[in-house]
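Source file: protein23.txt; contents: compact mmCIF, C-alpha atoms and all ligand atoms.
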# COMPACT_ATOMS: atom_id res chain seq x y z
CA MET A 14 0.00 0.00 0.00
CA THR A 15 2.86 2.34 0.87
CA PRO A 16 4.56 2.34 -2.59
CA SER A 17 1.32 3.17 -4.42
CA THR A 18 0.52 6.00 -2.01
CA ALA A 19 4.12 7.19 -2.31
CA SER A 20 4.03 7.21 -6.12
CA ARG A 21 0.82 9.22 -6.07
CA GLY A 22 2.69 11.55 -3.64
CA GLY A 23 3.52 14.84 -5.35
CA PRO A 24 3.67 18.30 -3.72
CA ASP A 25 0.68 17.70 -1.50
CA ARG A 26 2.33 14.72 0.06
CA ASP A 27 5.58 16.68 0.52
CA ARG A 28 3.79 19.39 2.44
CA HIS A 29 2.24 16.75 4.59
CA ALA A 30 5.56 15.01 5.20
CA HIS A 31 7.27 18.30 6.09
CA GLY A 32 7.57 18.71 9.82
CA ASP A 33 6.07 15.30 10.29
CA ALA A 34 8.29 13.03 12.36
CA ARG A 35 6.88 9.90 10.78
CA PHE A 36 9.17 8.05 8.40
CA SER A 37 8.21 8.59 4.78
CA PHE A 38 9.83 6.25 2.31
CA ALA A 39 9.21 8.63 -0.60
CA SER A 40 11.00 11.58 0.99
CA PHE A 41 13.81 9.35 2.20
CA TRP A 42 14.21 7.94 -1.33
CA ARG A 43 14.36 11.46 -2.86
CA LYS A 44 17.30 12.33 -0.61
CA VAL A 45 19.28 9.27 -1.66
CA PRO A 46 21.92 10.05 -4.35
CA THR A 47 21.21 8.28 -7.65
CA PRO A 48 24.26 5.90 -7.64
CA LEU A 49 23.29 4.79 -4.15
CA ARG A 50 19.70 4.23 -5.33
CA TRP A 51 20.98 1.77 -7.92
CA SER A 52 23.09 -0.04 -5.31
CA LEU A 53 20.14 -0.27 -2.93
CA ALA A 54 17.86 -1.50 -5.69
CA TYR A 55 20.48 -4.09 -6.62
CA VAL A 56 20.74 -5.31 -3.01
CA VAL A 57 16.96 -5.53 -2.64
CA ILE A 58 16.58 -7.44 -5.92
CA THR A 59 19.40 -9.84 -4.99
CA VAL A 60 17.79 -10.56 -1.62
CA LEU A 61 14.38 -11.11 -3.23
CA ILE A 62 15.85 -13.52 -5.78
CA ALA A 63 17.66 -15.43 -3.01
CA LEU A 64 14.45 -15.69 -0.98
CA ALA A 65 12.47 -16.83 -4.01
CA SER A 66 15.05 -19.48 -4.82
CA VAL A 67 15.10 -20.74 -1.22
CA SER A 68 11.32 -21.08 -1.19
CA TRP A 69 11.37 -22.78 -4.60
CA ARG A 70 14.01 -25.23 -3.36
CA GLY A 71 12.00 -25.83 -0.22
CA ASN A 72 9.03 -26.60 -2.38
CA ALA A 73 10.99 -28.85 -4.70
CA GLY A 74 12.84 -30.69 -1.93
CA GLY A 75 11.19 -32.19 1.12
CA THR A 76 11.02 -35.85 2.00
CA CYS A 77 10.03 -38.92 0.06
CA ALA A 78 6.45 -40.15 0.58
CA GLN A 79 7.67 -43.75 0.46
CA ASP A 80 10.82 -44.01 2.57
CA GLY A 81 11.08 -40.55 4.15
CA GLN A 82 14.50 -39.82 2.65
CA ARG A 83 15.46 -36.23 1.92
CA ILE A 84 14.76 -35.66 -1.76
CA VAL A 85 17.60 -34.57 -4.04
CA PRO A 86 15.78 -32.17 -6.43
CA GLU A 87 17.74 -33.51 -9.44
CA MET A 88 16.28 -37.00 -8.83
CA GLN A 89 12.81 -36.10 -7.65
CA VAL A 90 9.76 -37.95 -8.95
CA ASP A 91 6.33 -36.30 -8.79
CA LEU A 92 3.16 -38.31 -9.22
CA GLN A 93 -0.32 -36.89 -9.48
CA THR A 94 -2.82 -39.54 -8.50
CA LEU A 95 -6.30 -39.72 -10.00
CA ASP A 96 -7.73 -37.76 -7.04
CA GLY A 97 -5.59 -34.78 -8.17
CA GLN A 98 -3.11 -34.99 -5.26
CA TRP A 99 0.63 -34.66 -5.89
CA HIS A 100 3.11 -36.97 -4.17
CA ARG A 101 6.90 -36.58 -4.10
CA PHE A 102 9.51 -39.32 -4.10
CA CYS A 103 13.28 -39.54 -3.92
CA SER A 104 13.54 -42.11 -6.72
CA ILE A 105 11.61 -44.03 -9.37
CA VAL A 106 11.82 -47.23 -7.29
CA CYS A 107 10.18 -45.50 -4.31
CA ALA A 108 7.38 -44.10 -6.46
CA ARG A 109 6.69 -47.57 -7.88
CA ARG A 110 6.70 -49.20 -4.43
CA TRP A 111 4.35 -46.55 -3.10
CA LEU A 112 1.87 -47.22 -5.93
CA ALA A 113 2.22 -51.00 -5.53
CA HIS A 114 1.48 -50.78 -1.78
CA ARG A 115 -1.74 -48.98 -2.60
CA GLY A 116 -2.73 -51.28 -5.42
CA VAL A 117 -2.72 -48.29 -7.76
CA ASP A 118 -1.56 -48.91 -11.30
CA ARG A 119 -2.30 -45.65 -13.03
CA VAL A 120 -1.69 -41.96 -12.38
CA GLN A 121 -2.81 -38.69 -13.88
CA GLN A 122 0.70 -37.29 -14.34
CA ALA A 123 4.21 -38.50 -13.66
CA ILE A 124 7.24 -36.19 -13.72
CA VAL A 125 10.72 -37.70 -13.53
CA ARG A 126 14.14 -36.06 -13.78
CA ASP A 127 16.71 -36.60 -16.52
CA ALA A 128 19.55 -38.65 -15.00
CA LEU A 129 22.20 -36.41 -16.58
CA THR A 130 20.77 -32.91 -16.18
CA GLY A 131 18.10 -33.19 -13.46
CA LYS A 132 15.65 -31.54 -15.84
CA PRO A 133 11.96 -32.39 -15.17
CA LEU A 134 10.44 -34.65 -17.84
CA ASP A 135 7.02 -36.09 -18.46
CA ALA A 136 7.42 -39.82 -17.83
CA ASP A 137 5.59 -40.68 -21.05
CA VAL A 138 8.22 -38.97 -23.20
CA ALA A 139 11.28 -40.17 -21.24
CA PHE A 140 13.43 -43.27 -21.84
CA PHE A 141 14.02 -45.63 -18.91
CA VAL A 142 16.97 -47.91 -18.28
CA ARG A 143 17.38 -50.51 -15.56
CA SER A 144 21.11 -50.96 -15.03
CA PRO A 145 23.69 -52.16 -12.47
CA ILE A 146 24.17 -48.51 -11.44
CA VAL A 147 22.40 -47.86 -8.15
CA SER A 148 21.69 -44.16 -7.73
CA ASN A 149 20.36 -44.47 -4.18
CA PRO A 150 21.93 -47.19 -1.99
CA ALA A 151 19.22 -46.87 0.69
CA ASN A 152 16.46 -48.11 -1.59
CA GLY A 153 18.49 -49.71 -4.38
CA ASN A 154 17.11 -47.48 -7.11
CA ASN A 155 18.53 -48.78 -10.40
CA ILE A 156 16.03 -47.24 -12.82
CA HIS A 157 17.26 -44.16 -14.63
CA ALA A 158 15.28 -41.72 -16.76
CA PHE A 159 16.66 -39.96 -19.82
CA GLN A 160 15.29 -37.22 -22.01
CA TYR A 161 17.15 -38.53 -25.08
CA ARG A 162 17.38 -42.07 -26.38
CA THR A 163 21.05 -41.47 -27.25
CA ASP A 164 21.81 -40.75 -23.57
CA ALA A 165 19.97 -43.94 -22.54
CA ALA A 166 21.98 -45.91 -25.12
CA ASP A 167 25.21 -44.34 -23.90
CA HIS A 168 24.39 -45.32 -20.30
CA MET A 169 23.74 -48.95 -21.37
CA ARG A 170 26.94 -49.06 -23.42
CA ARG A 171 29.01 -47.87 -20.47
CA PHE A 172 27.30 -49.63 -17.58
CA GLY A 173 25.12 -52.38 -19.06
CA GLY A 174 21.41 -52.77 -18.37
CA HIS A 175 18.44 -52.59 -20.69
CA GLU A 176 15.68 -50.22 -21.65
CA ILE A 177 12.37 -50.81 -19.86
CA ASP A 178 8.80 -49.65 -20.43
CA PRO A 179 7.80 -46.42 -18.67
CA PRO A 180 7.46 -47.36 -14.98
CA PHE A 181 4.21 -45.39 -14.57
CA PHE A 182 0.96 -45.88 -16.40
CA VAL A 183 -0.23 -42.35 -17.16
CA GLU A 184 -3.93 -42.05 -18.00
ZN ZN A 201 12.29 -42.62 -1.39

Starting from the coordinates I provided, produce the structure as structure tokens.
Ligand SMILES: [Zn+2]
Amino acid sequence: MTPSTASRGGPDRDRHAHGDARFSFASFWRKVPTPLRWSLAYVVITVLIALASVSWRGNAGGTCAQDGQRIVPEMQVDLQTLDGQWHRFCSIVCARRWLAHRGVDRVQQAIVRDALTGKPLDADVAFFVRSPIVSNPANGNNIHAFQYRTDAADHMRRFGGHEIDPPFFVE
């Protein structure tokens, strides 16, 4: 509310602020030399970006709905069940176990992360490889998602394993 009132300020507001002990951001700002204004604006923007990124991370992280492990954002799996609820997991194996325990075989949406870049991918356009590489020793996750078939093939050439069908049935 303050910035909009301040921007509507003008002479009338100045007269009001004059001799008034209350802090007025607008009159304070007018006294600040221009180079300092830029520095202050820079600091404020930096802080806002940092806060936004912390809250985004907090949102993306959290704990796995299956085994309670802290989720590494680059390996996160998000499932939207048919009731519209989203559930987060630390690995593909955990997401599959969670569904199996509930006797659920289909979901509305499944988002996995590319094993190389951590980029979010729709599970129905990703390529999946089961290989001897275990990405999470605690739950033995050995299923890896790739955005590109060439990356999946490269993984199999280097580490063995085979391509599997998408691990989630998306409606
Ligand atoms: Zn987990």

For this session: Return as a ChimeraX atom specification the residues of protein, DNA or RNA that approach ligand ZN 201 (chain A) to within 9 Å, with all atoms listed in the file taken into account.
Result: /A:76-84,101-108,149,151-152,154

For this session: Compile the contact shell of region 120-135 of chain A as a VMD selection string: residues with an atom at most 10 Å away, counting all atoms listed in the file, same-chain residues fewer than 5 positions apart removed.
Result: chain A and resid 85 to 102 104 to 105 108 112 140 to 141 148 156 to 161 164 to 165 168 180 to 184

Exercise. Counting all atoms listed in the file, what is within 12 Å of Ala54 (chain A), bar same-chain residues fewer than 6 positions away, as an MDAnalysis selection string?
Worked result: chainID A and resid 42 45 47:48 60:61

Problem set entry | Computed interatomic separation between CA of Asp178 (chain A) and CA of Gly75 (chain A) (Å) |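 Interatomic distance, CA of Asp178 (chain A) to CA of Gly75 (chain A): 27.8 Å.
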
For this session: Just give me the gap between CA of Arg109 (chain A) and CA of Ala136 (chain A) in Å, one decimal is fine.
Result: 12.6 Å

The centre and edge lengths of an axis-aligned box containing all atoms of region 104-114 of chain A present in the file, extended by 8 Å on each side, are to be given in Å to one decimal, as JSON.
{"center_x": 7.5, "center_y": -46.6, "center_z": -5.6, "size_x": 28.1, "size_y": 24.9, "size_z": 23.6}

Please rebuild region 71-93 of chain A with N, CA and C atoms and return the result as a PDB file, keeping the file's coordinate frame.
ATOM      1  N   GLY A  71      12.737 -25.212  -1.310  1.00  0.00           N
ATOM      2  CA  GLY A  71      12.000 -25.830  -0.220  1.00  0.00           C
ATOM      3  C   GLY A  71      10.814 -26.588  -0.764  1.00  0.00           C
ATOM      4  N   ASN A  72      10.188 -25.996  -1.762  1.00  0.00           N
ATOM      5  CA  ASN A  72       9.030 -26.600  -2.380  1.00  0.00           C
ATOM      6  C   ASN A  72       9.421 -27.847  -3.164  1.00  0.00           C
ATOM      7  N   ALA A  73      10.577 -27.749  -3.851  1.00  0.00           N
ATOM      8  CA  ALA A  73      10.990 -28.850  -4.700  1.00  0.00           C
ATOM      9  C   ALA A  73      11.582 -29.994  -3.872  1.00  0.00           C
ATOM     10  N   GLY A  74      12.182 -29.666  -2.738  1.00  0.00           N
ATOM     11  CA  GLY A  74      12.840 -30.690  -1.930  1.00  0.00           C
ATOM     12  C   GLY A  74      11.854 -31.467  -1.077  1.00  0.00           C
ATOM     13  N   GLY A  75      12.093 -31.478   0.221  1.00  0.00           N
ATOM     14  CA  GLY A  75      11.190 -32.190   1.120  1.00  0.00           C
ATOM     15  C   GLY A  75      11.597 -33.640   1.249  1.00  0.00           C
ATOM     16  N   THR A  76      10.694 -34.447   1.762  1.00  0.00           N
ATOM     17  CA  THR A  76      11.020 -35.850   2.000  1.00  0.00           C
ATOM     18  C   THR A  76      10.137 -36.757   1.158  1.00  0.00           C
ATOM     19  N   CYS A  77      10.676 -37.940   0.930  1.00  0.00           N
ATOM     20  CA  CYS A  77      10.030 -38.920   0.060  1.00  0.00           C
ATOM     21  C   CYS A  77       8.812 -39.537   0.746  1.00  0.00           C
ATOM     22  N   ALA A  78       7.692 -39.612   0.014  1.00  0.00           N
ATOM     23  CA  ALA A  78       6.450 -40.150   0.580  1.00  0.00           C
ATOM     24  C   ALA A  78       6.561 -41.643   0.869  1.00  0.00           C
ATOM     25  N   GLN A  79       7.538 -42.309   0.260  1.00  0.00           N
ATOM     26  CA  GLN A  79       7.670 -43.750   0.460  1.00  0.00           C
ATOM     27  C   GLN A  79       8.618 -44.106   1.603  1.00  0.00           C
ATOM     28  N   ASP A  80       9.861 -43.602   1.547  1.00  0.00           N
ATOM     29  CA  ASP A  80      10.820 -44.010   2.570  1.00  0.00           C
ATOM     30  C   ASP A  80      11.307 -42.863   3.456  1.00  0.00           C
ATOM     31  N   GLY A  81      10.755 -41.672   3.268  1.00  0.00           N
ATOM     32  CA  GLY A  81      11.080 -40.550   4.150  1.00  0.00           C
ATOM     33  C   GLY A  81      12.459 -39.943   3.937  1.00  0.00           C
ATOM     34  N   GLN A  82      13.175 -40.399   2.904  1.00  0.00           N
ATOM     35  CA  GLN A  82      14.500 -39.820   2.650  1.00  0.00           C
ATOM     36  C   GLN A  82      14.377 -38.384   2.167  1.00  0.00           C
ATOM     37  N   ARG A  83      15.413 -37.605   2.440  1.00  0.00           N
ATOM     38  CA  ARG A  83      15.460 -36.230   1.920  1.00  0.00           C
ATOM     39  C   ARG A  83      15.590 -36.324   0.397  1.00  0.00           C
ATOM     40  N   ILE A  84      14.773 -35.563  -0.304  1.00  0.00           N
ATOM     41  CA  ILE A  84      14.760 -35.660  -1.760  1.00  0.00           C
ATOM     42  C   ILE A  84      15.826 -34.768  -2.369  1.00  0.00           C
ATOM     43  N   VAL A  85      16.652 -35.352  -3.234  1.00  0.00           N
ATOM     44  CA  VAL A  85      17.600 -34.570  -4.040  1.00  0.00           C
ATOM     45  C   VAL A  85      16.791 -34.047  -5.229  1.00  0.00           C
ATOM     46  N   PRO A  86      16.669 -32.710  -5.385  1.00  0.00           N
ATOM     47  CA  PRO A  86      15.780 -32.170  -6.430  1.00  0.00           C
ATOM     48  C   PRO A  86      16.084 -32.723  -7.821  1.00  0.00           C
ATOM     49  N   GLU A  87      17.364 -33.020  -8.110  1.00  0.00           N
ATOM     50  CA  GLU A  87      17.740 -33.510  -9.440  1.00  0.00           C
ATOM     51  C   GLU A  87      17.250 -34.936  -9.697  1.00  0.00           C
ATOM     52  N   MET A  88      16.741 -35.618  -8.656  1.00  0.00           N
ATOM     53  CA  MET A  88      16.280 -37.000  -8.830  1.00  0.00           C
ATOM     54  C   MET A  88      14.827 -37.172  -8.423  1.00  0.00           C
ATOM     55  N   GLN A  89      14.183 -36.050  -8.167  1.00  0.00           N
ATOM     56  CA  GLN A  89      12.810 -36.100  -7.650  1.00  0.00           C
ATOM     57  C   GLN A  89      11.841 -36.728  -8.660  1.00  0.00           C
ATOM     58  N   VAL A  90      10.863 -37.424  -8.135  1.00  0.00           N
ATOM     59  CA  VAL A  90       9.760 -37.950  -8.950  1.00  0.00           C
ATOM     60  C   VAL A  90       8.470 -37.380  -8.371  1.00  0.00           C
ATOM     61  N   ASP A  91       7.625 -36.816  -9.230  1.00  0.00           N
ATOM     62  CA  ASP A  91       6.330 -36.300  -8.790  1.00  0.00           C
ATOM     63  C   ASP A  91       5.235 -37.104  -9.466  1.00  0.00           C
ATOM     64  N   LEU A  92       4.310 -37.592  -8.663  1.00  0.00           N
ATOM     65  CA  LEU A  92       3.160 -38.310  -9.220  1.00  0.00           C
ATOM     66  C   LEU A  92       1.898 -37.570  -8.824  1.00  0.00           C
ATOM     67  N   GLN A  93       1.011 -37.400  -9.793  1.00  0.00           N
ATOM     68  CA  GLN A  93      -0.320 -36.890  -9.480  1.00  0.00           C
ATOM     69  C   GLN A  93      -1.288 -38.052  -9.600  1.00  0.00           C
TER      70      GLN A  93
END
